[in-house]
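Novice: Sending over a structure as structure tokens; questions will come in a sec.
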Amino acid sequence: MQHKTMAQLAQALTNKEFSARELTEYYLQRIKQHDPALNCFVTVTAEQALQQAEQADARRAAGESTPLLGIPLAHQDLFCTQEVRTSCGSKMLDNFVAPYNAQLIEQLNQAGAVSLGKLNMDEFSMGCSGQTSFYGACNNPWDNSRIVGGAASGSAAAVAAGLAAASTAMDSGGDIRLPAAFNGLTGLKPTYGRVSRWGMTAYASSFDQAGFLTRTAEDSALLLNVCAGFDERDSTSAQEAVPDYSSTLKQPLTGLRIGIARALFNGDLNSHIGEAVLASAEQLQQLGATLVDIELPHAEHAVAIATIIGTAEASTNMSRFDGVRFGYRCENPRDLADLYQRSRSEGLGELVQRRTLLGAYYLSAEQYQDYYVQAQRIRRLVKQDYMEAFKQVDLILSPTSADLPRAVNATVDANADFLTQRYTVAANLAGLPALSLPVGLLEQLPVGAQLIAPHFHEARLLNAAHQYQQATDWHTRTPAGF
């Protein structure tokens with residue numbers, strides 16, 4: 001039952017095959033059994049989950065049958081959750097209990113979803129490995145010797161191992177899509193501003209976007225139906241009409257134009273992954289789509305400029321964690337300067353400190369024009385490349401990752417995490433919606449392909465992914481032992 005999709009579980013609840021409480025108890029038992037080996041969860045909210053499940057059963061008994069009612073989900077531990085610790089995977093916020101719910105959490109609660117708890121992550125979303133959390137590394141259920149990938153590591157591992165039906169996460173440069181690819185899941189990053197960022201702890205504010213990790217595109221559509229929309233409390237929230245994403249899933253792909261930038265299939269890419277991605281393009285072609293060669297001339301600069309802008313924004317966002325208002329505070333500070341220095345040095349991990357310092361350097365008076373301003377100019381060119389490409393095509397297909405997840409004990413340099421995002425970060429730079437879906441297995445590990453759409457065309461993404469998943473079974477493969 002743990003590998004059923006949300007849609008299947010909702011139908012089973014409607015058919016009264018089991019109750020929401022029974023379903024929640026089943027997932028809580030699986031967490032108790034399997035999470036010690038995976039370390040997906042920072043906090044398990046068992047009592048709250050059972051209360052929500054009983055409320056969902058009461059609502060169903062009263063005649064409600066909405067798709068998320070009684071479905072057990074879990075949330076990346078950077079969404080503020082009322083009366084529950086929200087740690088961002090950091091010692092700095094180990095003692096922080098949020099006084100309110102993030103907008104996304106509130107929307108899911110209102111829809112009747114059950115919250116199983118909060119999920120492990122790279123500290124403050126800085127990293128692409130799942131190895132930098134204060135609470136220890138999250139393990140890949142497909143192969144414990146390899147990283148989970150992406151900052152939203154716990155969100156991916158929990159769904160892949162059947163510890164939650166789906167999960168929420170934040171994508172700043174591939175943090176949803178990379179672990180989706182590494183764990184055989186569907187990972188959706190909506191358009192920047194499509195889902196409210198209110199109550200979501202920021203890493204790089206102009207990159208960050210809430211999204212979902214699910215088994216199928218159909219499940220992602222169900223979640224986006226609930227969470228998309230304007231939020232007046234979020235200054236970056238888009239005032240765009242919200243379509244019914246589920247209603248267009250079954251549309252045929254006839255006439256759909258899919259662009260492929262052949263230059264991306266270069267020596268940096270594992271050739272077998274390239275073959276799997278191109279095979280998925282051929283499958284989409286058989287379903288009615290047309291393949292079109294395109295150019296993205298500035299794509300090669302995406303990682304470099306994202307490094308500059310992302311760390312600069314992170315440096316600004318991290319300034320609030322000073323040991324004064326909330327979070328970790330050092331013991332017996334000598335003076336205010338000592339309080340700031342030791343609280344941040346003791347409360348923040350090495351990677352977070354390094355990126356914060358790097359961002360402060362890029363924003364310094366001596367470097368601002370040469371680095372930050374220049375990076376913003378090139379960012380505009382990257383976005384323009386996509387806008388030009390979308391005059392020719394409806395979607396763009398690429399690999400999600402250049403290679404399989406690296407070994408946990410691999411020796412890597414400081415740029416390894418940034419380079420892991422070479423195929424994913426451009427969508428964040430341009431604010432575009434993007435989705436990763438499983439398209440094969442290599443060495444018994446999942447391979448993902450990425451689809452990118454124009455702004456606010458998530459329905460097009462989900463439609464193409466759903467049609468592909470109706471014709472293939474890669475999304476049904478699960479890790480052994482779970």
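In the structure tokens, chains take the letters A, B, ... in the order shown, each chain's residues start at 1, and ligands count up from 1 in the order shown.
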Using only C-alpha atoms, determine which residues lie at most 10 Å from region 392-396 of chain A, disregarding the query and same-chain residues fewer than 4 positions distant; provide the list as a ChimeraX atom specification.

Specialist: /A:255-261,289-294,386-388,434,450-454,457,460-461,464

Novice: Using only C-alpha atoms, which of the listed residues (A:Ala164, A:Ala7, A:Ile273, A:Met92) sits closest to Arg325 (chain A)?

Specialist: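 Residue with the minimum atom-to-atom distance to Arg325 (chain A): A:Met92.
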
Novice: Using only C-alpha atoms, find each residue in region 255-303 of chain A having at least one atom no more than 12 Å away from region 377-383 of chain A; report its shortest atom-to-atom pair and that distance in Å (one decimal), rows by chain then rising number, as a Markdown table.

Specialist:
```
| residue | atom | partner | partner_atom | distance |
| --- | --- | --- | --- | --- |
| A:Glu295 | CA | A:Val382 | CA | 11.2 |
| A:Leu296 | CA | A:Val382 | CA | 7.7 |
| A:Pro297 | CA | A:Val382 | CA | 8.0 |
| A:His298 | CA | A:Val382 | CA | 5.5 |
| A:Ala299 | CA | A:Val382 | CA | 6.3 |
| A:Glu300 | CA | A:Val382 | CA | 9.3 |
| A:His301 | CA | A:Ile378 | CA | 7.8 |
| A:Ala302 | CA | A:Val382 | CA | 7.3 |
| A:Val303 | CA | A:Arg379 | CA | 10.4 |
```

Novice: Dump C-alpha atoms for the selected residues as a PDB file, in the first residue's frame?

Specialist:
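File written: out-v8.pdb
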```pdb
ATOM      1  CA  GLU A 295      19.882  26.895 -28.868  1.00  0.00           C
ATOM      2  CA  LEU A 296      20.481  28.152 -25.313  1.00  0.00           C
ATOM      3  CA  PRO A 297      23.726  30.072 -25.873  1.00  0.00           C
ATOM      4  CA  HIS A 298      24.161  31.403 -22.340  1.00  0.00           C
ATOM      5  CA  ALA A 299      23.282  28.189 -20.489  1.00  0.00           C
ATOM      6  CA  GLU A 300      26.952  27.484 -19.833  1.00  0.00           C
ATOM      7  CA  HIS A 301      27.109  30.532 -17.536  1.00  0.00           C
ATOM      8  CA  ALA A 302      24.128  29.543 -15.391  1.00  0.00           C
ATOM      9  CA  VAL A 303      26.069  27.854 -12.584  1.00  0.00           C
TER      10      VAL A 303
END
```

Novice: Can you pull out every residue within 12 Å of region 328-345 of chain A, counting only C-alpha atoms, but drop anything in the same chain fewer than 3 positions away, and send it as a ChimeraX atom specification?

Specialist: /A:87,90-96,318-325,348-354,356-357

Novice: May I have the residues within 7 Å of Gly274 (chain A) as a PyMOL selection string, using only C-alpha atoms and disregarding those fewer than 5 positions away in the same chain?

Specialist: chain A and resi 265+269+399

Novice: At a cut-off of 6 Å, using only C-alpha atoms, what residues contact Val148 (chain A)? Leave out same-chain residues fewer than 6 positions from it and give the result as a list in words.

Specialist: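 Once the nearby chain positions are removed, what remains is Gly130, Asn140 and Pro179 of chain A.
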
Novice: Identify which of the residues A:Leu441, A:Arg422, A:Thr186, A:Arg21 lies closest to Ala306 (chain A), counting only C-alpha atoms when measuring atom-to-atom distances.

Specialist: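 Checking each candidate against Ala306 (chain A), we get A:Arg422 as the closest.
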
Novice: Which residues come within 9 Å of Leu358 (chain A), counting only C-alpha atoms, excluding same-chain residues fewer than 4 positions away, as a list in words?

Specialist: Ile308, Thr311, Ala312, Ser315, Gln353, Arg354, Tyr362 and Leu363 of chain A

Novice: Can those selected residues be exported to a file as a tab-separated table (two decimals), in the first residue's frame so that it contains C-alpha atoms?

Specialist:
```tsv
chain	number	residue	atom	x	y	z
A	308	ILE	CA	27.26	34.73	-7.23
A	311	THR	CA	25.29	33.34	-2.18
A	312	ALA	CA	24.79	37.11	-2.17
A	315	SER	CA	24.32	36.28	2.92
A	353	GLN	CA	29.33	29.91	6.91
A	354	ARG	CA	31.36	29.55	3.71
A	362	TYR	CA	30.35	39.57	-3.77
A	363	LEU	CA	28.27	42.33	-2.17
```

Novice: Residues near region 8-13 of chain A, anyone? I mean within 10 Å using only C-alpha atoms, not counting same-chain ones fewer than 3 positions away, as JSON, numbers by chain.

Specialist: {"A": [1, 2, 3, 4, 5, 16, 17, 18, 19, 20, 23, 57, 60, 65, 66, 67, 68, 69, 70, 71, 72, 165, 219]}

Novice: Dump C-alpha atoms for the selected residues as a short mmCIF file (atom, residue, chain, number, x, y, z; two decimals), in the first residue's frame?

Specialist:
```
data_model
loop_
_atom_site.label_atom_id
_atom_site.label_comp_id
_atom_site.auth_asym_id
_atom_site.auth_seq_id
_atom_site.Cartn_x
_atom_site.Cartn_y
_atom_site.Cartn_z
CA MET A 1 0.00 0.00 0.00
CA GLN A 2 2.93 2.37 0.69
CA HIS A 3 3.68 2.70 -3.01
CA LYS A 4 0.17 3.68 -4.07
CA THR A 5 -0.20 7.14 -5.53
CA LYS A 16 -14.05 2.86 2.32
CA GLU A 17 -11.32 0.24 1.87
CA PHE A 18 -9.72 1.79 4.95
CA SER A 19 -10.11 4.95 7.02
CA ALA A 20 -7.81 7.95 7.11
CA LEU A 23 -3.91 4.85 6.66
CA ASP A 57 -12.76 10.70 8.52
CA ARG A 60 -15.75 12.13 4.68
CA SER A 65 -14.56 13.54 -0.83
CA THR A 66 -11.91 16.03 -1.95
CA PRO A 67 -8.68 14.49 -3.31
CA LEU A 68 -6.36 15.38 -0.40
CA LEU A 69 -8.79 14.62 2.42
CA GLY A 70 -7.06 12.15 4.75
CA ILE A 71 -3.89 11.76 2.64
CA PRO A 72 -0.70 11.55 4.78
CA ALA A 165 2.37 9.58 0.16
CA ASP A 219 -0.37 13.64 -7.81
#
```

Novice: Rank nothing, just name the residue among A:Ser172, A:Leu287, A:Asp35, A:Asn463 nearest to Ala430 (chain A), using only C-alpha atoms.

Specialist: A:Ser172

Novice: Could you state the separation of CA of Glu83 (chain A) and CA of Arg30 (chain A) in Å, given to one decimal place?

Specialist: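 Separating CA of Glu83 (chain A) from CA of Arg30 (chain A) is a distance of 24.1 Å.
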
Novice: Could you please determine the separation between CA of Leu224 (chain A) and CA of Arg477 (chain A) in Å, to one decimal place?

Specialist: 23.7 Å

Novice: Rounded to one decimal, what separation in Å do you get between CA of Ala61 (chain A) and CA of Ser115 (chain A)?

Specialist: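 Taking CA of Ala61 (chain A) and CA of Ser115 (chain A), their separation equals 20.2 Å.
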
Novice: Rank nothing, just name the residue among A:Ser436, A:Asn120, A:Asn109, A:Gln469 nearest to Leu38 (chain A), using only C-alpha atoms.

Specialist: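 Between A:Ser436, A:Asn120, A:Asn109, A:Gln469, the residue approaching Leu38 (chain A) most closely is A:Asn120.
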
Novice: Could you pull out the helix (DSSP H, G or I) residues of region 351-395 of chain A, going by DSSP on the backbone, and write them as a count of residues only?

Specialist: 35

Novice: Would you please work out which residue, of A:Asn266, A:Thr201, A:Ile309, A:Met6, is nearest to Ser220 (chain A) when using only C-alpha atoms?

Specialist: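 Result for the nearest residue to Ser220 (chain A): A:Met6.
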